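As structure tokens, the structure follows; a few thoughts come after it.
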Amino acid sequence: MHVYPWGKSACRAWWTNALKQLPQHTASEGVFLCHPLTHLAWAEPLPSVPAELRLYSQLHAAFSDEPCPPHPALLRFPGPAVENSACRTLAMAVDWASVLRLARRLEVCGKSDAAADSSASSPAGGAVHPAGGAVHPTGGGVSPSADAPILAEREAAPAEACVGACGWQVGAASLELVIAHALLERPVAVRRVERAAAVHVDQSMEFARLRRAGRGGEVSCRDATPADDWLALPQGKGEGAAFGLLDSAAVMSSRDLEPIVWPKVWYFAHKLQRLGADDAAWRAFGSVPVRWVPAAGRWMTGSRHRQMAARLLGVPFAAVPASGSAWP
């Protein structure tokens with residue numbers, strides 16, 4: 001398997017840095033620049049959070065029982081790693097195609113800004129327009145589209161959030177914009193509103209969280225068999241098993257205490273969209289172990305980033321059933 005720049009140490013450093021970020025005032029009244037993951041809860045606060053989760057809360061001293069301040073701050077107990085965990089994110093009602101379009105647009109705008117900065121100090125004729133060489137998931141380069149004016153308008157308008165039990169909570173209409181900023185590792189402009197429609201969370205996809213809370217029996221079991229969500233079945237068993245292709249939209253995450261490292265997802269999305277039909281390239285990219293959960297009628301994985309990259313792109317991902325799991 002290839003060695004990627006987003007290893008465990010890089011992910012830990014990214015998360016440590018994210019927890020240290022402070023919101024900033026902007027020139028617009030009531031608008032703040034926030035870290036999209038650590039300052040904003042992406043859905044309604046978790047119900048019935050077990051007290052033992054305090055053992056897992058990072059920067060525990062920052063989580064207090066005081067009323068939420070009128071400005072954004074680091075999410076309080078149980079903290080951003082749990083509120084915006086991989087398990088919870090995959091259970092949220094997200095328009096991933098919209099997230100992808102917004103992220104691509106943000107990336108192009110960022111490269112254009114960087115090119116403008118460099119051209120200001122470059123000799124005449126030495127600047128190269130970045131869009132010509134940009135490569136993005138689901139397409140090479142950037143072409144004008146009917147979405148551009150809409151995307152530009154959404155990027156210019158702040159995301160909206162209201163005050164919830166653990167901090168500022170993203171409105172459903174702003175979730176895709178917030179996630180797009182997380183992918184590009186950029187702060188997002190946020191305006192507080194009195195009310196905002198909450199993001200819907202499908203509890204049938206939250207088996208790991210509910211099981212930890214002692215409520216695993218509340219998960220509704222989907223009417224499905226282990227073979228239903230495979231576009232191509234894995235071949236063989238054990239260490240020599242060849243991967244199959246599994247529908248990324250149907251798989252739960254077991255990581256209910258850890259967030260997704262979103263820049264790593266963006267990195268993998270670039271890799272994934274270039275694989276094509278080359279089996280060797282897919283093997284080099286790596287497959288994901290999955291386990292069938294009969295109580296939920298779904299496959300579940302502890303891998304956060306390859307599956308999430310596939311979910312973002314709307315494509316299947318390479319997977320192999322783990323040892324001891326049911327087989328499709």
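We name chains A, B, ... following the order of the structure tokens; residues begin at 1 in each chain, and ligands are numbered from 1 as shown.
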Helix (DSSP H, G or I) residues, from DSSP on the backbone, in range 147-273 of chain A, as an MDAnalysis selection string: chainID A and resid 148:156 172:183 203:205 207:212 216:218 238:240 248:250 262:272
With N, CA and C atoms retained, export the selected residues as a CSV table (one decimal), in the first residue's frame.
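Ended up saving to again_18.csv:
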```csv
chain,number,residue,atom,x,y,z
A,148,ALA,N,-22.5,28.0,-11.2
A,148,ALA,CA,-21.5,29.0,-10.7
A,148,ALA,C,-22.1,30.2,-10.0
A,149,PRO,N,-23.2,30.9,-10.6
A,149,PRO,CA,-23.7,32.0,-9.9
A,149,PRO,C,-24.3,31.6,-8.5
A,150,ILE,N,-25.0,30.5,-8.5
A,150,ILE,CA,-25.6,30.0,-7.2
A,150,ILE,C,-24.5,29.8,-6.2
A,151,LEU,N,-23.4,29.1,-6.6
A,151,LEU,CA,-22.3,28.8,-5.7
A,151,LEU,C,-21.7,30.0,-5.2
A,152,ALA,N,-21.4,30.9,-6.1
A,152,ALA,CA,-20.8,32.2,-5.7
A,152,ALA,C,-21.6,32.9,-4.7
A,153,GLU,N,-23.0,32.9,-4.9
A,153,GLU,CA,-23.8,33.6,-3.9
A,153,GLU,C,-23.8,32.9,-2.5
A,154,ARG,N,-23.8,31.6,-2.5
A,154,ARG,CA,-23.8,30.8,-1.3
A,154,ARG,C,-22.5,31.0,-0.6
A,155,GLU,N,-21.4,31.1,-1.3
A,155,GLU,CA,-20.1,31.3,-0.7
A,155,GLU,C,-20.0,32.7,0.0
A,156,ALA,N,-20.6,33.7,-0.7
A,156,ALA,CA,-20.5,35.0,-0.2
A,156,ALA,C,-21.4,35.2,1.1
A,172,ALA,N,-29.9,23.6,8.9
A,172,ALA,CA,-29.8,22.6,7.8
A,172,ALA,C,-29.5,23.2,6.5
A,173,ALA,N,-29.9,24.4,6.2
A,173,ALA,CA,-29.6,25.0,4.9
A,173,ALA,C,-28.2,25.4,4.7
A,174,SER,N,-27.4,25.4,5.8
A,174,SER,CA,-26.0,25.8,5.7
A,174,SER,C,-25.0,24.6,5.9
A,175,LEU,N,-25.5,23.4,6.1
A,175,LEU,CA,-24.6,22.3,6.4
A,175,LEU,C,-23.6,22.0,5.3
A,176,GLU,N,-24.1,22.0,4.1
A,176,GLU,CA,-23.2,21.7,3.0
A,176,GLU,C,-22.1,22.7,2.8
A,177,LEU,N,-22.4,23.9,3.0
A,177,LEU,CA,-21.4,25.0,2.9
A,177,LEU,C,-20.3,24.8,4.0
A,178,VAL,N,-20.8,24.5,5.2
A,178,VAL,CA,-19.8,24.3,6.3
A,178,VAL,C,-18.9,23.1,6.1
A,179,ILE,N,-19.5,22.0,5.6
A,179,ILE,CA,-18.6,20.8,5.3
A,179,ILE,C,-17.7,21.1,4.2
A,180,ALA,N,-18.1,21.8,3.2
A,180,ALA,CA,-17.2,22.2,2.1
A,180,ALA,C,-16.0,23.0,2.6
A,181,HIS,N,-16.2,23.9,3.5
A,181,HIS,CA,-15.1,24.6,4.2
A,181,HIS,C,-14.2,23.7,5.0
A,182,ALA,N,-14.8,22.7,5.6
A,182,ALA,CA,-14.0,21.7,6.4
A,182,ALA,C,-13.1,20.9,5.5
A,183,LEU,N,-13.6,20.5,4.3
A,183,LEU,CA,-12.8,19.8,3.3
A,183,LEU,C,-11.5,20.6,2.9
A,203,GLN,N,-31.3,7.8,12.9
A,203,GLN,CA,-30.7,7.0,14.0
A,203,GLN,C,-30.5,5.5,13.7
A,204,SER,N,-31.0,5.1,12.6
A,204,SER,CA,-30.8,3.7,12.2
A,204,SER,C,-29.3,3.6,11.7
A,205,MET,N,-28.6,4.7,11.4
A,205,MET,CA,-27.2,4.7,11.0
A,205,MET,C,-26.3,4.9,12.1
A,207,PHE,N,-25.8,3.1,15.0
A,207,PHE,CA,-25.7,1.9,15.8
A,207,PHE,C,-24.6,2.0,16.9
A,208,ALA,N,-23.4,2.5,16.4
A,208,ALA,CA,-22.3,2.5,17.4
A,208,ALA,C,-22.5,3.4,18.5
A,209,ARG,N,-23.1,4.6,18.3
A,209,ARG,CA,-23.4,5.6,19.3
A,209,ARG,C,-24.4,5.1,20.3
A,210,LEU,N,-25.5,4.5,19.7
A,210,LEU,CA,-26.6,4.0,20.6
A,210,LEU,C,-26.2,2.8,21.4
A,211,ARG,N,-25.4,2.0,20.8
A,211,ARG,CA,-24.9,0.8,21.5
A,211,ARG,C,-24.0,1.3,22.7
A,212,ARG,N,-23.2,2.3,22.5
A,212,ARG,CA,-22.4,2.8,23.7
A,212,ARG,C,-23.2,3.4,24.8
A,216,GLY,N,-28.7,0.1,22.1
A,216,GLY,CA,-28.5,-0.5,20.8
A,216,GLY,C,-29.8,-1.2,20.3
A,217,GLY,N,-30.7,-1.6,21.2
A,217,GLY,CA,-31.9,-2.2,20.9
A,217,GLY,C,-32.9,-1.3,20.2
A,218,GLU,N,-32.7,0.0,20.3
A,218,GLU,CA,-33.6,1.0,19.7
A,218,GLU,C,-33.3,1.2,18.2
A,238,GLY,N,-10.5,-14.8,3.8
A,238,GLY,CA,-9.2,-14.8,4.5
A,238,GLY,C,-8.3,-13.7,4.0
A,239,GLU,N,-7.0,-13.8,4.3
A,239,GLU,CA,-6.1,-12.8,3.9
A,239,GLU,C,-5.9,-12.6,2.3
A,240,GLY,N,-6.2,-13.7,1.6
A,240,GLY,CA,-6.1,-13.6,0.2
A,240,GLY,C,-7.3,-13.2,-0.5
A,248,SER,N,-21.3,3.1,-0.8
A,248,SER,CA,-20.8,3.9,0.3
A,248,SER,C,-21.9,4.6,1.0
A,249,ALA,N,-23.1,4.7,0.4
A,249,ALA,CA,-24.3,5.3,1.1
A,249,ALA,C,-24.9,4.4,2.1
A,250,ALA,N,-24.7,3.1,2.1
A,250,ALA,CA,-25.4,2.2,2.9
A,250,ALA,C,-24.6,1.7,4.1
A,262,TRP,N,-11.2,16.0,7.6
A,262,TRP,CA,-11.8,16.4,6.3
A,262,TRP,C,-10.7,16.7,5.2
A,263,PRO,N,-9.6,17.3,5.5
A,263,PRO,CA,-8.6,17.5,4.4
A,263,PRO,C,-8.1,16.2,3.9
A,264,LYS,N,-8.1,15.2,4.8
A,264,LYS,CA,-7.6,13.8,4.3
A,264,LYS,C,-8.7,13.2,3.4
A,265,VAL,N,-10.0,13.5,3.7
A,265,VAL,CA,-11.0,13.0,2.8
A,265,VAL,C,-10.9,13.7,1.4
A,266,TRP,N,-10.6,15.0,1.4
A,266,TRP,CA,-10.4,15.7,0.1
A,266,TRP,C,-9.2,15.1,-0.7
A,267,TYR,N,-8.1,14.8,0.1
A,267,TYR,CA,-7.0,14.2,-0.6
A,267,TYR,C,-7.3,12.8,-1.2
A,268,PHE,N,-8.0,12.0,-0.4
A,268,PHE,CA,-8.4,10.7,-1.0
A,268,PHE,C,-9.4,10.8,-2.1
A,269,ALA,N,-10.3,11.8,-2.1
A,269,ALA,CA,-11.2,12.0,-3.2
A,269,ALA,C,-10.5,12.3,-4.5
A,270,HIS,N,-9.4,13.1,-4.4
A,270,HIS,CA,-8.6,13.3,-5.6
A,270,HIS,C,-8.0,12.0,-6.1
A,271,LYS,N,-7.5,11.2,-5.2
A,271,LYS,CA,-6.9,9.9,-5.6
A,271,LYS,C,-8.0,9.0,-6.2
A,272,LEU,N,-9.1,8.9,-5.5
A,272,LEU,CA,-10.2,8.0,-5.9
A,272,LEU,C,-10.7,8.2,-7.3
```
With only C-alpha atoms as the basis for distance, which of A:Trp292, A:Leu313, A:Pro158, A:Arg298 is at the shortest distance from Arg101 in chain A?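 Of all the options, A:Leu313 lies closest to Arg101 in chain A.
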Neighbours of Gly30 in chain A within 12 Å (only C-alpha atoms; same-chain residues fewer than 5 positions away dropped), as a ChimeraX atom specification? /A:24-25,70-72,158-161,189-193
Work out how far CA of Ala41 in chain A is from CA of His200 in chain A, in Å to one decimal. 12.8 Å
Of the candidates A:Cys166, A:Leu233, A:Val108, A:Ala91, which shows the shortest atom-to-atom distance to Val199 in chain A, using only C-alpha atoms? A:Ala91
Nearest residue to Gly324 in chain A from the set A:Ala310, A:Ala165, A:Ala213, A:Val290 (distances using only C-alpha atoms):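 For Gly324 in chain A, the nearest of the candidates is A:Val290.
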